[in-house]
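A.B. asks: One file: entry.csv (CSV, C-alpha atoms).
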```
chain,number,residue,atom,x,y,z
A,264,ILE,CA,1.8,-55.8,-20.3
A,265,VAL,CA,-1.3,-54.4,-18.7
A,266,ASN,CA,-0.7,-51.6,-16.1
A,267,GLN,CA,-3.6,-51.2,-13.7
A,268,GLY,CA,-1.6,-49.5,-10.9
A,269,THR,CA,1.3,-47.2,-10.9
A,270,PHE,CA,4.3,-47.9,-13.2
A,271,ASP,CA,7.3,-45.6,-12.4
A,272,ALA,CA,10.0,-45.7,-15.1
A,273,LEU,CA,12.8,-44.2,-13.0
A,274,SER,CA,15.6,-45.0,-15.4
A,275,ASP,CA,15.7,-45.4,-19.2
A,276,GLY,CA,15.7,-48.7,-20.9
A,277,GLN,CA,13.3,-50.1,-23.5
A,278,ILE,CA,9.8,-51.6,-23.4
A,279,GLN,CA,9.9,-54.2,-26.1
A,280,HIS,CA,8.8,-57.7,-27.1
A,281,PHE,CA,10.4,-60.0,-29.7
A,282,SER,CA,7.5,-62.2,-30.9
A,283,GLY,CA,3.7,-62.1,-31.3
A,284,THR,CA,1.7,-58.9,-31.3
A,285,PRO,CA,3.0,-57.1,-28.2
A,286,ARG,CA,1.0,-54.4,-26.5
A,287,PHE,CA,1.3,-52.1,-23.5
A,288,THR,CA,-2.1,-51.3,-22.1
A,289,ASN,CA,-2.3,-48.5,-19.5
A,290,THR,CA,-5.4,-48.2,-17.4
A,291,GLY,CA,-3.5,-46.9,-14.4
A,292,THR,CA,-0.7,-44.4,-14.1
A,293,PHE,CA,2.6,-44.5,-16.1
A,294,ASN,CA,5.3,-42.0,-14.9
A,295,LYS,CA,8.3,-41.5,-17.2
A,296,ARG,CA,10.9,-40.0,-14.8
A,297,GLY,CA,14.3,-40.9,-16.3
A,298,LEU,CA,16.3,-38.1,-17.9
A,299,GLY,CA,17.2,-39.9,-21.1
A,300,THR,CA,15.1,-41.6,-23.8
A,301,LEU,CA,12.6,-44.5,-23.0
A,302,PRO,CA,11.7,-46.2,-26.3
A,303,PHE,CA,8.4,-48.2,-26.6
A,304,SER,CA,8.9,-50.8,-29.3
A,305,VAL,CA,5.4,-52.1,-28.7
A,306,ALA,CA,1.9,-50.7,-29.4
A,307,CYS,CA,0.5,-48.6,-26.6
A,308,THR,CA,-3.1,-48.1,-25.6
A,309,ASN,CA,-4.0,-45.6,-22.9
A,310,THR,CA,-7.1,-45.1,-20.9
A,311,GLY,CA,-5.3,-44.0,-17.7
A,312,ARG,CA,-2.6,-41.4,-17.3
A,313,ILE,CA,0.7,-41.2,-19.1
A,314,ASP,CA,2.8,-38.6,-17.3
A,315,VAL,CA,6.1,-37.6,-19.0
A,316,GLN,CA,8.0,-35.9,-16.2
A,317,ALA,CA,11.5,-35.9,-17.7
A,318,GLY,CA,13.5,-36.8,-20.8
A,319,LEU,CA,11.9,-38.3,-24.0
A,320,LEU,CA,9.2,-40.9,-24.3
A,321,GLN,CA,9.6,-42.4,-27.8
A,322,PHE,CA,7.0,-44.6,-29.6
A,323,TYR,CA,8.0,-46.8,-32.5
A,324,ARG,CA,4.5,-48.4,-32.8
A,325,ALA,CA,0.9,-47.1,-32.6
A,326,TYR,CA,-0.1,-44.9,-29.6
A,327,THR,CA,-3.9,-44.8,-29.1
A,328,GLN,CA,-5.7,-43.0,-26.3
A,329,THR,CA,-9.5,-43.4,-26.0
A,330,ALA,CA,-9.8,-41.9,-22.5
A,331,GLY,CA,-7.6,-40.7,-19.7
A,332,ALA,CA,-4.7,-38.3,-20.2
A,333,THR,CA,-1.3,-37.9,-21.8
A,334,VAL,CA,0.6,-35.1,-20.0
A,335,LEU,CA,3.9,-33.4,-20.8
A,336,ASN,CA,5.0,-32.4,-17.3
A,337,GLY,CA,8.7,-31.7,-17.9
A,338,GLY,CA,9.4,-34.2,-20.6
A,339,ASN,CA,8.7,-34.6,-24.3
A,340,ILE,CA,7.2,-37.2,-26.7
A,341,GLN,CA,8.4,-38.5,-30.1
A,342,SER,CA,6.5,-41.0,-32.3
A,343,ALA,CA,7.2,-42.6,-35.6
A,344,LEU,CA,3.4,-42.8,-36.2
A,345,THR,CA,0.6,-40.4,-35.6
A,346,LEU,CA,-0.4,-40.0,-31.9
A,347,ASP,CA,-4.1,-41.0,-32.0
A,348,ILE,CA,-5.9,-39.1,-29.3
A,349,GLN,CA,-9.5,-40.4,-29.8
A,350,GLY,CA,-10.7,-39.3,-26.4
A,351,GLY,CA,-9.4,-37.9,-23.1
A,352,GLN,CA,-6.9,-35.2,-22.8
A,353,LEU,CA,-3.5,-34.3,-24.3
A,354,ALA,CA,-2.0,-31.7,-21.9
A,355,GLY,CA,1.0,-29.9,-20.7
A,356,ALA,CA,3.9,-27.8,-22.0
A,357,GLY,CA,6.8,-29.2,-24.1
A,358,THR,CA,7.3,-30.7,-27.5
A,359,ILE,CA,5.7,-33.6,-29.4
A,360,THR,CA,7.7,-34.6,-32.4
A,361,ALA,CA,5.0,-36.4,-34.3
A,362,ASN,CA,1.8,-35.9,-36.2
A,363,VAL,CA,-1.2,-35.6,-33.8
A,364,ALA,CA,-4.8,-36.5,-34.5
A,365,SER,CA,-7.3,-35.5,-31.8
A,366,GLY,CA,-10.9,-36.2,-31.1
A,367,GLY,CA,-10.3,-35.4,-27.4
A,368,THR,CA,-9.2,-32.3,-25.6
A,369,VAL,CA,-5.9,-30.6,-26.2
A,370,SER,CA,-4.9,-28.3,-23.4
A,371,PRO,CA,-1.5,-26.6,-23.4
A,372,GLU,CA,-0.4,-26.8,-19.8
A,373,THR,CA,-2.5,-26.9,-16.6
A,374,SER,CA,-2.1,-23.2,-15.9
A,375,THR,CA,-0.4,-21.5,-18.9
A,376,GLY,CA,2.2,-22.7,-21.3
A,377,ILE,CA,3.2,-23.6,-24.8
A,378,LEU,CA,2.6,-27.1,-26.4
A,379,ASN,CA,4.7,-27.5,-29.5
A,380,ILE,CA,3.8,-30.1,-32.1
A,381,SER,CA,6.7,-30.7,-34.5
A,382,GLY,CA,4.5,-32.2,-37.3
A,383,ASN,CA,0.9,-31.9,-38.4
A,384,TYR,CA,-2.1,-31.4,-36.1
A,385,THR,CA,-5.6,-32.7,-37.0
A,386,GLN,CA,-8.5,-31.8,-34.7
A,387,ASN,CA,-11.7,-33.6,-35.8
A,388,ALA,CA,-15.3,-32.6,-35.1
A,389,THR,CA,-15.3,-34.1,-31.6
A,390,GLY,CA,-12.0,-32.4,-30.7
A,391,GLU,CA,-11.6,-29.4,-28.4
A,392,LEU,CA,-8.7,-27.0,-27.9
A,393,ASP,CA,-8.7,-25.5,-24.4
A,394,ILE,CA,-6.9,-22.3,-23.9
A,395,GLU,CA,-6.5,-20.4,-20.6
A,396,ILE,CA,-6.0,-16.6,-20.7
A,397,GLY,CA,-4.7,-14.8,-17.6
A,398,GLY,CA,-2.9,-11.9,-19.3
A,399,PRO,CA,-1.4,-10.6,-22.6
A,400,ASP,CA,2.0,-12.6,-22.6
A,401,PRO,CA,2.1,-16.0,-24.3
A,402,ALA,CA,3.4,-19.0,-22.2
A,403,THR,CA,3.5,-17.0,-18.9
A,404,GLN,CA,0.0,-15.6,-19.0
A,405,PHE,CA,-1.9,-17.5,-21.8
A,406,ASP,CA,-1.7,-20.8,-23.6
A,407,GLN,CA,-0.5,-21.4,-27.1
A,408,LEU,CA,-0.5,-24.4,-29.4
A,409,LYS,CA,2.4,-24.2,-31.9
A,410,VAL,CA,2.3,-26.5,-35.0
A,411,THR,CA,5.2,-26.6,-37.4
A,412,GLY,CA,3.2,-28.3,-40.1
A,413,ILE,CA,-0.4,-28.3,-41.4
A,414,ALA,CA,-3.3,-27.6,-38.9
A,415,THR,CA,-6.4,-29.4,-40.1
A,416,LEU,CA,-9.2,-27.9,-37.9
A,417,ALA,CA,-12.7,-28.8,-36.9
A,418,GLY,CA,-14.4,-29.0,-33.5
A,419,LYS,CA,-14.3,-26.5,-30.7
A,420,LEU,CA,-12.1,-23.8,-29.1
A,421,ARG,CA,-12.8,-23.3,-25.4
A,422,LEU,CA,-11.4,-20.0,-23.9
A,423,THR,CA,-11.2,-19.7,-20.1
A,424,LEU,CA,-10.2,-16.5,-18.3
A,425,ILE,CA,-8.1,-17.2,-15.2
A,426,ASN,CA,-6.6,-15.3,-12.2
A,427,GLY,CA,-9.3,-12.7,-12.4
A,428,TYR,CA,-8.1,-11.4,-15.8
A,429,SER,CA,-10.5,-9.3,-17.9
A,430,PRO,CA,-9.0,-8.2,-21.2
A,431,ALA,CA,-9.7,-4.8,-22.7
A,432,PRO,CA,-12.0,-4.8,-25.7
A,433,GLY,CA,-10.0,-5.4,-28.9
A,434,THR,CA,-7.1,-7.2,-27.1
A,435,THR,CA,-5.7,-9.9,-29.5
A,436,PHE,CA,-4.3,-13.3,-28.4
A,437,ILE,CA,-2.5,-15.6,-30.8
A,438,VAL,CA,-3.5,-19.0,-29.3
A,439,MET,CA,-2.4,-21.1,-32.2
A,440,THR,CA,0.4,-20.9,-34.8
A,441,PHE,CA,0.9,-23.2,-37.8
A,442,ALA,CA,2.7,-23.4,-41.2
A,443,SER,CA,-0.6,-23.7,-43.0
A,444,ARG,CA,-4.3,-24.4,-42.2
A,445,ALA,CA,-7.1,-26.4,-43.6
A,446,GLY,CA,-10.7,-26.2,-42.3
A,447,GLN,CA,-11.6,-24.1,-39.2
A,448,LEU,CA,-12.8,-24.4,-35.7
A,449,THR,CA,-16.6,-24.6,-35.8
A,450,GLU,CA,-17.4,-23.3,-32.3
A,451,ILE,CA,-15.9,-20.9,-29.8
A,452,VAL,CA,-17.1,-21.1,-26.2
```
Take the structure from the file and write it as structure tokens.
C.D. replies:
Amino acid sequence: IVNQGTFDALSDGQIQHFSGTPRFTNTGTFNKRGLGTLPFSVACTNTGRIDVQAGLLQFYRAYTQTAGATVLNGGNIQSALTLDIQGGQLAGAGTITANVASGGTVSPETSTGILNISGNYTQNATGELDIEIGGPDPATQFDQLKVTGIATLAGKLRLTLINGYSPAPGTTFIVMTFASRAGQLTEIV
């Protein structure tokens, strides 16, 4: 299946194929709107927009994004394999139950929120973690990335002040939590 337009999954079923090497290629917009679980039993490649608005989007095969965006916008994602975000953006607030490898931009929410990764998180040298800060309270005033496993870090941290907020000198913001860490972010902008 190649989606070049808008694919609205209004109810939950299953995207599957029983022979060959099945793929779902998204270059348009895929909206997951059903309240239950929508399993993908085929490999998925994204260069468009995957918008998880409700329920659970579940991947049993590879998920690869080279451009575009994967957005948690009221729903959650689960994957049997590592979500491979080679480019584009992984954004929103909610929970990803999977390991995540990112060479793109990870941005918890589009204003402020918490992105939970129940698994390991790897940010490589081309990766960027974007955090917005509009006050001292996590989730409601600044972004957080919470990782339950190992955070393997490289790449950039981008901090953006929003809503006219100007923190007092010495104010501390915990923008990422993890069980353990390897490496470090190499640039803060």
A.B. asks: Give the answer as one residue: which of A:Gln341, A:Ile264, A:Leu335, A:Gln404 has the shortest atom-to-atom distance to Cys307 in chain A, using only C-alpha atoms?
C.D. replies: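 Between A:Gln341, A:Ile264, A:Leu335, A:Gln404, the residue approaching Cys307 in chain A most closely is A:Ile264.
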A.B. asks: Mind pulling up the distance from CA of Gly367 in chain A to CA of Thr389 in chain A?
C.D. replies: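 Pair CA of Thr389 in chain A / CA of Gly367 in chain A returns 6.7 Å.
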A.B. asks: Could you jot down the CA of Thr308 in chain A to CA of Arg286 in chain A separation for me, Å, one decimal place?
C.D. replies: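 For CA of Thr308 in chain A relative to CA of Arg286 in chain A, the distance reads 7.6 Å.
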A.B. asks: May I have the residues within 7 Å of range 406-417 of chain A as a VMD selection string, using only C-alpha atoms and disregarding those fewer than 2 positions away in the same chain?
C.D. replies: chain A and resid 371 375 to 388 394 to 396 401 to 402 419 438 to 449
A.B. asks: Mind writing the picked residues with C-alpha atoms as a compact mmCIF listing (two decimals), in the coordinates of the input?
C.D. replies:
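The resulting file, selection_38.txt, is reproduced below:
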```txt
# COMPACT_ATOMS: atom_id res chain seq x y z
CA PRO A 371 -1.50 -26.60 -23.40
CA THR A 375 -0.40 -21.50 -18.90
CA GLY A 376 2.20 -22.70 -21.30
CA ILE A 377 3.20 -23.60 -24.80
CA LEU A 378 2.60 -27.10 -26.40
CA ASN A 379 4.70 -27.50 -29.50
CA ILE A 380 3.80 -30.10 -32.10
CA SER A 381 6.70 -30.70 -34.50
CA GLY A 382 4.50 -32.20 -37.30
CA ASN A 383 0.90 -31.90 -38.40
CA TYR A 384 -2.10 -31.40 -36.10
CA THR A 385 -5.60 -32.70 -37.00
CA GLN A 386 -8.50 -31.80 -34.70
CA ASN A 387 -11.70 -33.60 -35.80
CA ALA A 388 -15.30 -32.60 -35.10
CA ILE A 394 -6.90 -22.30 -23.90
CA GLU A 395 -6.50 -20.40 -20.60
CA ILE A 396 -6.00 -16.60 -20.70
CA PRO A 401 2.10 -16.00 -24.30
CA ALA A 402 3.40 -19.00 -22.20
CA LYS A 419 -14.30 -26.50 -30.70
CA VAL A 438 -3.50 -19.00 -29.30
CA MET A 439 -2.40 -21.10 -32.20
CA THR A 440 0.40 -20.90 -34.80
CA PHE A 441 0.90 -23.20 -37.80
CA ALA A 442 2.70 -23.40 -41.20
CA SER A 443 -0.60 -23.70 -43.00
CA ARG A 444 -4.30 -24.40 -42.20
CA ALA A 445 -7.10 -26.40 -43.60
CA GLY A 446 -10.70 -26.20 -42.30
CA GLN A 447 -11.60 -24.10 -39.20
CA LEU A 448 -12.80 -24.40 -35.70
CA THR A 449 -16.60 -24.60 -35.80
```
A.B. asks: Could you list as number ranges by chain every residue that has an atom within 10 Å of (13.8, -41.2, -28.1), using the file's coordinates and counting all atoms listed in the file?
C.D. replies: A: 299-303, 318-323, 339-342, 360
A.B. asks: Could you state the separation of CA of Gly311 in chain A and CA of Ala332 in chain A in Å, given to one decimal place?
C.D. replies: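 Between these atoms lies a distance of 6.3 Å.
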A.B. asks: Counting only C-alpha atoms, which of A:Pro285, A:Gly297, A:Gly390, A:Gly366 gets nearest to Asp347 in chain A?
C.D. replies: A:Gly366
A.B. asks: With all atoms listed in the file as the atoms that count, which of A:Gln349, A:Thr292, A:Ser304, A:Asn266 lies nearest to Val334 in chain A?
C.D. replies: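 Looking only at the distances to Val334 in chain A, the closest residue turns out to be A:Thr292.
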A.B. asks: Between A:Thr423, A:Gln352, A:Gln267, A:Ser274, which is the closest to Leu298 in chain A once you count only C-alpha atoms?
C.D. replies: A:Ser274
A.B. asks: So which one's closest to Leu392 in chain A, A:Ser370, A:Asn309, A:Thr269, A:Thr434? Using all atoms listed in the file, please.
C.D. replies: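 Using all atoms listed in the file, Leu392 in chain A sits closest to A:Ser370.
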